[in-house]
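Participant: Contents of final_25.txt (compact mmCIF, C-alpha atoms (C1' of nucleotides)):
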# COMPACT_ATOMS: atom_id res chain seq x y z
CA MET A 1 30.40 164.19 179.98
CA ILE A 2 29.37 160.90 181.46
CA ASP A 3 31.78 158.68 183.35
CA PRO A 4 31.49 154.91 182.84
CA THR A 5 33.51 154.26 186.00
CA ALA A 6 31.38 156.53 188.18
CA ASP A 7 29.22 155.20 190.95
CA ARG A 8 26.10 156.38 189.17
CA ALA A 9 24.86 154.27 186.27
CA GLN A 10 25.55 155.70 182.83
CA TYR A 11 21.89 155.81 181.88
CA ARG A 12 21.15 157.78 185.04
CA GLN A 13 23.92 160.23 184.23
CA ILE A 14 22.46 160.76 180.77
CA ALA A 15 18.99 161.20 182.26
CA ASP A 16 20.45 163.76 184.67
CA THR A 17 22.01 165.69 181.81
CA LEU A 18 18.77 165.80 179.84
CA ARG A 19 16.68 166.64 182.91
CA ASP A 20 18.98 169.55 183.69
CA ALA A 21 18.68 170.82 180.16
CA ILE A 22 14.90 170.68 180.41
CA LEU A 23 14.64 172.28 183.85
CA ARG A 24 17.12 174.98 182.91
CA GLY A 25 14.98 175.77 179.90
CA GLU A 26 17.67 174.86 177.43
CA LEU A 27 15.25 172.32 176.04
CA GLN A 28 11.95 174.12 176.05
CA ASP A 29 8.40 172.86 176.04
CA GLY A 30 7.76 171.02 172.82
CA ALA A 31 11.42 170.93 171.86
CA ARG A 32 12.77 167.81 170.28
CA VAL A 33 15.13 165.68 172.32
CA PRO A 34 18.06 164.39 170.23
CA SER A 35 17.34 160.99 168.67
CA GLU A 36 18.51 157.80 170.33
CA GLU A 37 21.18 157.37 167.68
CA ARG A 38 22.40 160.92 168.21
CA LEU A 39 22.57 160.51 171.98
CA ARG A 40 24.30 157.17 171.53
CA GLN A 41 27.06 158.80 169.52
CA GLU A 42 27.32 161.87 171.75
CA HIS A 43 27.79 159.84 174.90
CA GLY A 44 29.56 156.85 173.43
CA VAL A 45 27.15 154.28 174.80
CA SER A 46 24.82 151.65 173.42
CA ARG A 47 21.31 152.38 172.27
CA THR A 48 20.04 150.26 175.15
CA THR A 49 21.61 152.67 177.60
CA VAL A 50 20.18 155.72 175.86
CA ARG A 51 16.72 154.15 175.87
CA LYS A 52 16.91 153.49 179.59
CA ALA A 53 17.71 157.16 180.15
CA ILE A 54 14.66 158.19 178.14
CA GLU A 55 12.58 155.69 180.13
CA VAL A 56 13.54 157.51 183.30
CA LEU A 57 12.40 160.85 181.92
CA LYS A 58 9.18 159.34 180.63
CA GLY A 59 8.53 158.03 184.12
CA GLU A 60 8.95 161.55 185.45
CA GLY A 61 6.54 162.91 182.89
CA LEU A 62 9.19 165.21 181.46
CA VAL A 63 9.19 163.89 177.92
CA ASP A 64 6.72 162.45 175.51
CA VAL A 65 7.88 159.80 173.07
CA ARG A 66 5.92 159.81 169.84
CA ALA A 67 7.18 156.95 167.72
CA PRO A 68 8.57 157.20 165.20
CA ARG A 69 8.53 160.96 165.08
CA GLY A 70 10.81 161.61 167.97
CA THR A 71 10.95 162.44 171.64
CA PHE A 72 9.71 165.80 172.82
CA VAL A 73 9.78 167.86 175.99
CA ARG A 74 6.33 167.81 177.52
CA SER A 75 4.71 171.02 178.56
CA GLN A 76 3.22 170.50 181.97
CA ARG A 77 1.36 173.50 183.20
CA PRO A 78 -1.95 172.83 184.89
CA VAL A 79 -4.52 174.59 182.79
CA ASP A 80 -7.84 173.26 184.02
CA THR A 81 -8.99 174.15 187.50
CA VAL A 82 -11.52 172.05 189.34
CA GLN A 83 -13.40 173.56 192.22
CA LEU A 84 -13.44 171.75 195.54
CA ARG A 85 -16.46 171.68 197.78
CA ARG A 86 -16.79 170.98 201.45
CA GLY A 87 -15.97 167.43 202.35
CA ASP A 88 -14.25 166.67 199.07
CA ARG A 89 -11.12 164.61 199.21
CA VAL A 90 -8.24 164.69 196.76
CA TRP A 91 -5.60 162.09 196.06
CA THR A 92 -3.48 160.70 193.29
CA ARG A 93 -2.23 157.49 191.74
CA MET A 94 -0.84 156.22 188.47
CA PRO A 95 -3.29 154.99 185.84
CA SER A 96 -3.23 151.56 184.27
CA PRO A 97 -2.60 151.39 180.51
CA ASP A 98 -6.33 150.98 179.88
CA GLU A 99 -7.12 154.04 181.95
CA ARG A 100 -4.40 155.96 180.12
CA ARG A 101 -6.05 155.18 176.83
CA GLU A 102 -9.51 155.99 178.08
CA HIS A 103 -8.54 159.33 179.54
CA ASP A 104 -5.93 160.16 176.92
CA VAL A 105 -3.11 160.40 179.42
CA ARG A 106 0.55 159.82 178.56
CA GLU A 107 3.07 157.65 180.37
CA GLY A 108 4.46 159.24 183.48
CA VAL A 109 1.33 161.26 184.10
CA PRO A 110 -0.57 160.53 187.32
CA PHE A 111 -4.28 160.91 187.90
CA LEU A 112 -5.67 163.63 190.10
CA ILE A 113 -8.68 162.11 191.80
CA ILE A 114 -11.46 163.92 193.54
CA SER A 115 -13.91 162.12 195.76
CA ARG A 116 -17.02 164.15 196.30
CA SER A 117 -18.82 163.93 199.58
CA ASP A 118 -21.71 162.22 197.79
CA GLY A 119 -19.41 159.31 197.02
CA SER A 120 -18.87 160.07 193.36
CA GLN A 121 -15.36 160.14 191.99
CA GLU A 122 -13.71 162.12 189.24
CA LEU A 123 -10.46 161.34 187.44
CA TYR A 124 -8.37 164.08 185.88
CA PRO A 125 -5.08 164.07 183.97
CA GLY A 126 -2.51 165.26 186.49
CA ASP A 127 -0.45 167.18 183.95
CA ARG A 128 -3.16 169.67 183.18
CA THR A 129 -5.45 169.81 186.16
CA GLN A 130 -5.36 171.44 189.55
CA ALA A 131 -8.00 171.44 192.24
CA GLN A 132 -8.82 174.55 194.11
CA GLN A 133 -10.70 175.44 197.25
CA SER A 134 -13.40 177.92 196.56
CA PRO A 135 -11.78 181.19 197.70
CA ARG A 136 -15.22 181.85 199.16
CA MET B 1 -0.62 131.97 177.97
CA ILE B 2 0.99 134.74 175.99
CA ASP B 3 0.87 134.83 172.22
CA PRO B 4 4.02 136.01 170.40
CA THR B 5 2.04 136.63 167.22
CA ALA B 6 -0.63 138.72 168.94
CA ASP B 7 -1.04 142.39 168.25
CA ARG B 8 -0.14 143.20 171.83
CA ALA B 9 3.55 143.10 172.74
CA GLN B 10 4.61 140.07 174.74
CA TYR B 11 5.89 142.15 177.64
CA ARG B 12 2.52 143.87 177.84
CA GLN B 13 0.74 140.55 177.88
CA ILE B 14 2.90 139.40 180.76
CA ALA B 15 2.29 142.66 182.60
CA ASP B 16 -1.44 142.17 182.04
CA THR B 17 -1.29 138.69 183.53
CA LEU B 18 0.57 139.86 186.61
CA ARG B 19 -1.64 142.91 187.06
CA ASP B 20 -4.72 140.72 186.93
CA ALA B 21 -3.26 138.43 189.55
CA ILE B 22 -2.59 141.39 191.81
CA LEU B 23 -5.94 143.07 191.32
CA ARG B 24 -7.80 139.79 191.76
CA GLY B 25 -5.96 139.31 195.03
CA GLU B 26 -4.21 136.19 193.88
CA LEU B 27 -0.96 137.98 194.59
CA GLN B 28 -1.63 139.80 197.82
CA ASP B 29 0.03 142.79 199.42
CA GLY B 30 3.61 141.97 200.23
CA ALA B 31 3.57 138.74 198.22
CA ARG B 32 6.61 137.89 196.19
CA VAL B 33 6.33 138.09 192.42
CA PRO B 34 8.07 135.14 190.70
CA SER B 35 11.70 135.88 189.85
CA GLU B 36 12.68 137.08 186.40
CA GLU B 37 14.22 133.72 185.64
CA ARG B 38 11.05 131.95 186.72
CA LEU B 39 8.84 134.20 184.62
CA ARG B 40 11.21 133.80 181.70
CA GLN B 41 10.79 130.03 181.79
CA GLU B 42 7.04 130.14 182.42
CA HIS B 43 6.37 132.36 179.45
CA GLY B 44 9.16 131.20 177.18
CA VAL B 45 10.61 134.65 176.58
CA SER B 46 13.88 136.42 177.19
CA ARG B 47 14.81 138.07 180.43
CA THR B 48 14.69 141.42 178.64
CA THR B 49 11.02 140.88 177.93
CA VAL B 50 10.24 139.88 181.51
CA ARG B 51 12.04 142.93 182.84
CA LYS B 52 10.04 145.23 180.58
CA ALA B 53 6.85 143.73 181.99
CA ILE B 54 8.02 144.42 185.53
CA GLU B 55 8.93 147.96 184.46
CA VAL B 56 5.32 148.51 183.46
CA LEU B 57 4.04 147.42 186.85
CA LYS B 58 6.62 149.54 188.64
CA GLY B 59 5.39 152.49 186.64
CA GLU B 60 1.88 151.81 187.87
CA GLY B 61 3.05 151.61 191.44
CA LEU B 62 1.80 148.06 191.79
CA VAL B 63 5.10 146.39 192.66
CA ASP B 64 8.21 147.24 194.54
CA VAL B 65 11.53 145.84 193.35
CA ARG B 66 14.02 145.31 196.13
CA ALA B 67 17.25 144.08 194.60
CA PRO B 68 18.52 141.51 195.08
CA ARG B 69 15.78 140.15 197.27
CA GLY B 70 13.02 140.06 194.74
CA THR B 71 9.96 141.86 193.50
CA PHE B 72 6.99 142.30 195.79
CA VAL B 73 3.40 143.45 195.54
CA ARG B 74 3.26 146.86 197.09
CA SER B 75 1.32 146.98 200.30
CA GLN B 76 -0.86 149.98 200.77
CA ARG B 77 0.12 152.04 203.76
CA PRO B 78 -2.24 153.85 206.10
CA VAL B 79 -3.47 157.06 204.64
CA ASP B 80 -2.56 160.43 206.08
CA THR B 81 -5.08 163.18 205.65
CA VAL B 82 -4.01 166.75 205.06
CA GLN B 83 -6.45 169.53 205.71
CA LEU B 84 -7.12 172.07 202.99
CA ARG B 85 -7.72 175.72 203.73
CA ARG B 86 -9.37 178.39 201.70
CA GLY B 87 -7.48 179.29 198.56
CA ASP B 88 -5.31 176.18 198.65
CA ARG B 89 -4.60 174.47 195.37
CA VAL B 90 -3.85 170.81 194.86
CA TRP B 91 -2.09 169.10 192.01
CA THR B 92 0.19 166.20 191.25
CA ARG B 93 3.28 165.22 189.33
CA MET B 94 5.94 162.55 189.34
CA PRO B 95 9.03 163.09 191.47
CA SER B 96 12.57 163.09 190.16
CA PRO B 97 14.91 160.38 191.51
CA ASP B 98 16.42 162.88 193.97
CA GLU B 99 13.01 163.86 195.25
CA ARG B 100 12.08 160.19 195.58
CA ARG B 101 15.07 159.62 197.81
CA GLU B 102 14.44 162.73 199.84
CA HIS B 103 10.80 161.97 200.49
CA ASP B 104 11.20 158.19 200.65
CA VAL B 105 8.87 157.56 197.75
CA ARG B 106 9.04 154.49 195.52
CA GLU B 107 9.02 154.35 191.75
CA GLY B 108 5.57 154.71 190.28
CA VAL B 109 4.33 156.84 193.15
CA PRO B 110 3.34 160.41 192.31
CA PHE B 111 3.55 163.44 194.58
CA LEU B 112 0.47 165.11 195.95
CA ILE B 113 1.26 168.80 196.05
CA ILE B 114 -0.53 171.46 198.01
CA SER B 115 0.05 175.11 197.33
CA ARG B 116 -1.07 177.23 200.23
CA SER B 117 -2.49 180.64 199.56
CA ASP B 118 0.58 182.17 201.22
CA GLY B 119 2.69 180.75 198.41
CA SER B 120 4.24 177.90 200.38
CA GLN B 121 4.21 174.43 198.92
CA GLU B 122 4.02 170.99 200.46
CA LEU B 123 4.95 167.68 198.86
CA TYR B 124 3.37 164.43 200.00
CA PRO B 125 3.79 160.82 198.91
CA GLY B 126 0.76 160.10 196.77
CA ASP B 127 0.41 156.51 197.91
CA ARG B 128 -0.37 157.44 201.49
CA THR B 129 -1.77 160.91 201.50
CA GLN B 130 -5.10 162.46 200.75
CA ALA B 131 -6.14 166.07 201.03
CA GLN B 132 -9.45 167.02 202.52
CA GLN B 133 -11.58 170.09 202.70
CA SER B 134 -12.27 171.08 206.25
CA PRO B 135 -15.80 169.75 206.71
CA ARG B 136 -16.21 173.00 208.64
C1' DT C 1 34.54 133.68 207.85
C1' DC C 2 34.04 131.97 203.52
C1' DC C 3 31.70 129.98 199.64
C1' DC C 4 27.86 129.63 196.74
C1' DA C 5 23.36 130.05 194.64
C1' DT C 6 19.91 133.37 193.76
C1' DT C 7 18.25 137.69 192.09
C1' DT C 8 18.22 142.11 190.33
C1' DG C 9 21.15 145.99 187.94
C1' DT C 10 23.71 147.51 184.16
C1' DG C 11 25.50 147.34 179.60
C1' DC C 12 26.83 145.47 175.24
C1' DG C 13 25.54 143.74 170.40
C1' DT C 14 22.17 142.29 167.07
C1' DA C 15 17.91 141.75 164.43
C1' DT C 16 13.40 142.85 162.71
C1' DG C 17 9.07 145.49 162.53
C1' DT C 18 6.53 149.65 161.64
C1' DA C 19 5.29 154.35 161.12
C1' DT C 20 6.78 158.83 159.50
C1' DC C 21 8.83 162.01 156.46
C1' DG D 1 11.27 154.07 147.60
C1' DG D 2 14.56 155.28 150.92
C1' DA D 3 16.18 157.23 155.22
C1' DT D 4 15.06 158.00 159.87
C1' DA D 5 13.43 156.81 164.43
C1' DC D 6 11.26 154.40 167.85
C1' DA D 7 9.32 149.44 169.47
C1' DT D 8 10.11 144.88 170.39
C1' DA D 9 12.84 140.91 171.33
C1' DC D 10 16.74 137.93 171.42
C1' DG D 11 21.37 136.65 173.47
C1' DC D 12 25.36 137.44 176.38
C1' DA D 13 28.27 139.12 180.19
C1' DC D 14 29.55 140.88 184.50
C1' DA D 15 28.55 143.41 188.96
C1' DA D 16 26.55 143.69 193.48
C1' DA D 17 23.80 142.44 197.28
C1' DT D 18 21.45 138.96 199.91
C1' DG D 19 20.87 134.75 202.34
C1' DG D 20 21.93 129.91 203.42
C1' DG D 21 25.15 126.47 204.67
Written as structure tokens, how would this file's structure read?

Facilitator:
Amino acid sequence: MIDPTADRAQYRQIADTLRDAILRGELQDGARVPSEERLRQEHGVSRTTVRKAIEVLKGEGLVDVRAPRGTFVRSQRPVDTVQLRRGDRVWTRMPSPDERREHDVREGVPFLIISRSDGSQELYPGDRTQAQQSPR
Amino acid sequence: MIDPTADRAQYRQIADTLRDAILRGELQDGARVPSEERLRQEHGVSRTTVRKAIEVLKGEGLVDVRAPRGTFVRSQRPVDTVQLRRGDRVWTRMPSPDERREHDVREGVPFLIISRSDGSQELYPGDRTQAQQSPR
DNA sequence: TCCCATTTGTGCGTATGTATC
DNA sequence: GGATACATACGCACAAATGGG
């Protein structure tokens, strides 16, 4: 139950509740998160507040909002593995909206970036890519 | 000038304008972004709309909101380099609010995660860390 | 110290649009 | 066509922290 008088903002409390449910596996990959209207009633808050909570989870890459179908728990296991070579460097940053479109990446999903020693650069969706050192 | 009748949402148009200014260097590292009230007047929209635009830029890690002082262009910090060893894997994901506090990471900044072959895991702030293959 | 203006944070209500089922 | 659900945008109000006088 959320507490309007608590030190923590109501929308953060709701986000905490949903995050817990996801991380505990109560809401599994692909599961539907209750609708904004449903959450609004459950927690006795405004729709604005519910939407802010969902925003938080989107920013963490935990959910995927597909309007107007609903909001769903995002599966986030790295599936593609990219091999690293000597001298390669790896870093990460958030994409711009244009880059998200171009690379088909959802909100809350960072890029995994590999700079090869020859100067070339490769961008990968961070929710399904991992880089690996050649085990030799 | 933003166009309320355009296909693109007004808050996205405002975000585009600000992003351009930042990327073109018109708003430099550490520079103050105009206040919400100022932007509201400039673009003739509601504060809600302005705040959504800022949200977008926060999500991209381009600005840093320090209430109630203002919103600032995020300055890029010096980059730490982490050495990769054989069998290491690298990936990325967004932190939760708790993790952001713990690792002193701002909104819109992803983690760079290194899994060592011994099973241990290291989390780094993605805005100031890169991983590198030992050049041997 | 105190007051005040500024600025962001949080939360409410409302309305309309649009895509899906 | 209708119900549902998310997107966008407006207005309002109050809180809290900062900084200047």

Participant: Need to verify the contact set: stretch 72-88 of chain B, 8 Å, all atoms listed in the file, exclusion of same-chain residues closer than 3 positions in sequence. Can you return it as a count of residues only?

Facilitator: 31

Participant: Tell me, in Å to one decimal, how far atom CA of B:Met1 is from atom CA of A:Arg100.

Facilitator: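 Atom CA of B:Met1 sits 24.4 Å away from atom CA of A:Arg100.
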
Participant: Could you please tell me, as a PyMOL selection string, which residues of chain B have an atom within 9 Å of chain D when using all atoms listed in the file?

Facilitator: chain B and resi 9-11+45-46+48-49+67-69

Participant: After least-squares alignment of chain B to chain A over all Cα atoms in order, what RMSD do you get?

Facilitator: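 RMSD over all C-alpha atoms: 0.8 Å.
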
Participant: Just need the residues of chain C within 10 Å of chain B, counting only C-alpha atoms (C1' of nucleotides), so spit them out as a ChimeraX atom specification.

Facilitator: /C:6-9

Participant: Go ahead and save the residues from that selection, with C-alpha atoms (C1' of nucleotides), as a tab-separated table (two decimals), keeping the file's coordinate frame.

Facilitator:
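Resulting contents of again-v9.tsv:
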chain	number	residue	atom	x	y	z
C	6	DT	C1'	19.91	133.37	193.76
C	7	DT	C1'	18.25	137.69	192.09
C	8	DT	C1'	18.22	142.11	190.33
C	9	DG	C1'	21.15	145.99	187.94

Participant: Looking at all atoms listed in the file, which of A:Ile2, A:Ala15, A:Ala21, A:Val109 is the one that sits closest to chain B?

Facilitator: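 The closest residue to chain B is A:Val109.
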
Participant: Separation of atom CA of A:Thr17 and atom CA of A:Met94, in Å?

Facilitator: 25.6 Å

Participant: Provide an axis-aligned box for all listed atoms of stretch 85-97 of chain B, padding each side by 3 Å; report its centre and its edge lengths in Å to one decimal, as JSON.

Facilitator:
{"center_x": 2.8, "center_y": 169.8, "center_z": 196.5, "size_x": 30.3, "size_y": 24.9, "size_z": 20.4}

Participant: Can you work out which one of A:Arg24, A:Glu55, A:Arg8, A:Leu39 has the shortest atom-to-atom distance to A:Glu107, counting all atoms listed in the file?

Facilitator: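 Smallest separation from A:Glu107 among the options: A:Glu55.
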
Participant: Export stretch 7-103 of chain A, C-alpha atoms, as a tab-separated table (two decimals), in the first residue's frame; it's the structure right above.

Facilitator:
chain	number	residue	atom	x	y	z
A	7	ASP	CA	8.78	10.94	2.42
A	8	ARG	CA	8.97	9.09	-0.87
A	9	ALA	CA	6.83	10.40	-3.72
A	10	GLN	CA	3.73	8.36	-4.47
A	11	TYR	CA	4.76	7.67	-8.04
A	12	ARG	CA	8.10	6.35	-6.81
A	13	GLN	CA	6.35	4.08	-4.33
A	14	ILE	CA	4.19	2.69	-7.12
A	15	ALA	CA	7.25	2.21	-9.31
A	16	ASP	CA	8.94	0.38	-6.42
A	17	THR	CA	5.97	-1.94	-6.06
A	18	LEU	CA	5.91	-2.79	-9.75
A	19	ARG	CA	9.70	-3.18	-9.94
A	20	ASP	CA	9.61	-5.60	-7.03
A	21	ALA	CA	6.90	-7.62	-8.71
A	22	ILE	CA	8.99	-7.81	-11.86
A	23	LEU	CA	12.28	-8.66	-10.15
A	24	ARG	CA	10.60	-11.23	-7.94
A	25	GLY	CA	9.20	-12.86	-11.05
A	26	GLU	CA	5.62	-12.22	-10.08
A	27	LEU	CA	5.30	-10.29	-13.31
A	28	GLN	CA	7.20	-12.38	-15.80
A	29	ASP	CA	8.79	-11.53	-19.10
A	30	GLY	CA	6.11	-10.49	-21.53
A	31	ALA	CA	3.45	-10.23	-18.84
A	32	ARG	CA	1.01	-7.39	-19.03
A	33	VAL	CA	1.29	-4.65	-16.46
A	34	PRO	CA	-2.14	-3.53	-15.18
A	35	SER	CA	-3.57	-0.64	-17.19
A	36	GLU	CA	-3.16	2.94	-16.01
A	37	GLU	CA	-6.82	3.07	-15.06
A	38	ARG	CA	-6.50	-0.15	-13.08
A	39	LEU	CA	-3.41	1.07	-11.23
A	40	ARG	CA	-5.12	4.40	-10.60
A	41	GLN	CA	-7.99	2.67	-8.85
A	42	GLU	CA	-5.81	0.19	-6.99
A	43	HIS	CA	-3.62	2.88	-5.48
A	44	GLY	CA	-6.17	5.65	-5.24
A	45	VAL	CA	-4.13	8.19	-7.17
A	46	SER	CA	-4.50	10.21	-10.32
A	47	ARG	CA	-3.63	8.90	-13.75
A	48	THR	CA	-0.81	11.44	-13.89
A	49	THR	CA	0.82	9.78	-10.91
A	50	VAL	CA	0.46	6.31	-12.38
A	51	ARG	CA	1.99	7.48	-15.65
A	52	LYS	CA	4.98	8.92	-13.86
A	53	ALA	CA	5.56	5.56	-12.19
A	54	ILE	CA	5.49	3.82	-15.56
A	55	GLU	CA	7.91	6.46	-16.90
A	56	VAL	CA	10.38	5.46	-14.22
A	57	LEU	CA	10.21	1.80	-15.21
A	58	LYS	CA	10.52	2.67	-18.88
A	59	GLY	CA	13.65	4.61	-18.04
A	60	GLU	CA	15.06	1.52	-16.37
A	61	GLY	CA	14.25	-0.59	-19.39
A	62	LEU	CA	12.01	-2.86	-17.34
A	63	VAL	CA	8.80	-2.33	-19.27
A	64	ASP	CA	7.79	-1.70	-22.81
A	65	VAL	CA	4.77	0.48	-23.48
A	66	ARG	CA	2.98	-0.41	-26.69
A	67	ALA	CA	0.16	2.04	-27.16
A	68	PRO	CA	-2.66	1.42	-27.11
A	69	ARG	CA	-2.24	-2.27	-26.47
A	70	GLY	CA	-0.82	-2.05	-23.01
A	71	THR	CA	2.36	-2.07	-21.00
A	72	PHE	CA	4.44	-5.21	-20.86
A	73	VAL	CA	7.39	-6.54	-18.90
A	74	ARG	CA	10.42	-6.51	-21.15
A	75	SER	CA	12.55	-9.58	-21.43
A	76	GLN	CA	16.14	-8.51	-21.21
A	77	ARG	CA	18.53	-11.35	-21.64
A	78	PRO	CA	21.54	-10.68	-23.82
A	79	VAL	CA	21.27	-13.10	-26.68
A	80	ASP	CA	23.79	-11.89	-29.21
A	81	THR	CA	27.46	-12.13	-28.38
A	82	VAL	CA	30.03	-9.96	-30.10
A	83	GLN	CA	33.64	-11.01	-30.06
A	84	LEU	CA	36.25	-8.56	-28.88
A	85	ARG	CA	39.67	-8.32	-30.43
A	86	ARG	CA	42.88	-6.90	-29.12
A	87	GLY	CA	42.77	-3.17	-28.68
A	88	ASP	CA	39.00	-2.96	-28.90
A	89	ARG	CA	37.28	-0.60	-26.53
A	90	VAL	CA	33.75	-0.90	-25.20
A	91	TRP	CA	31.49	1.75	-23.77
A	92	THR	CA	27.87	2.73	-23.52
A	93	ARG	CA	25.49	5.65	-23.80
A	94	MET	CA	21.82	6.34	-24.39
A	95	PRO	CA	20.64	6.72	-27.99
A	96	SER	CA	18.80	9.73	-29.34
A	97	PRO	CA	15.25	9.16	-30.61
A	98	ASP	CA	16.52	9.04	-34.19
A	99	GLU	CA	19.09	6.42	-33.30
A	100	ARG	CA	16.43	4.45	-31.45
A	101	ARG	CA	14.33	4.34	-34.57
A	102	GLU	CA	17.24	3.46	-36.80
A	103	HIS	CA	18.45	0.62	-34.63
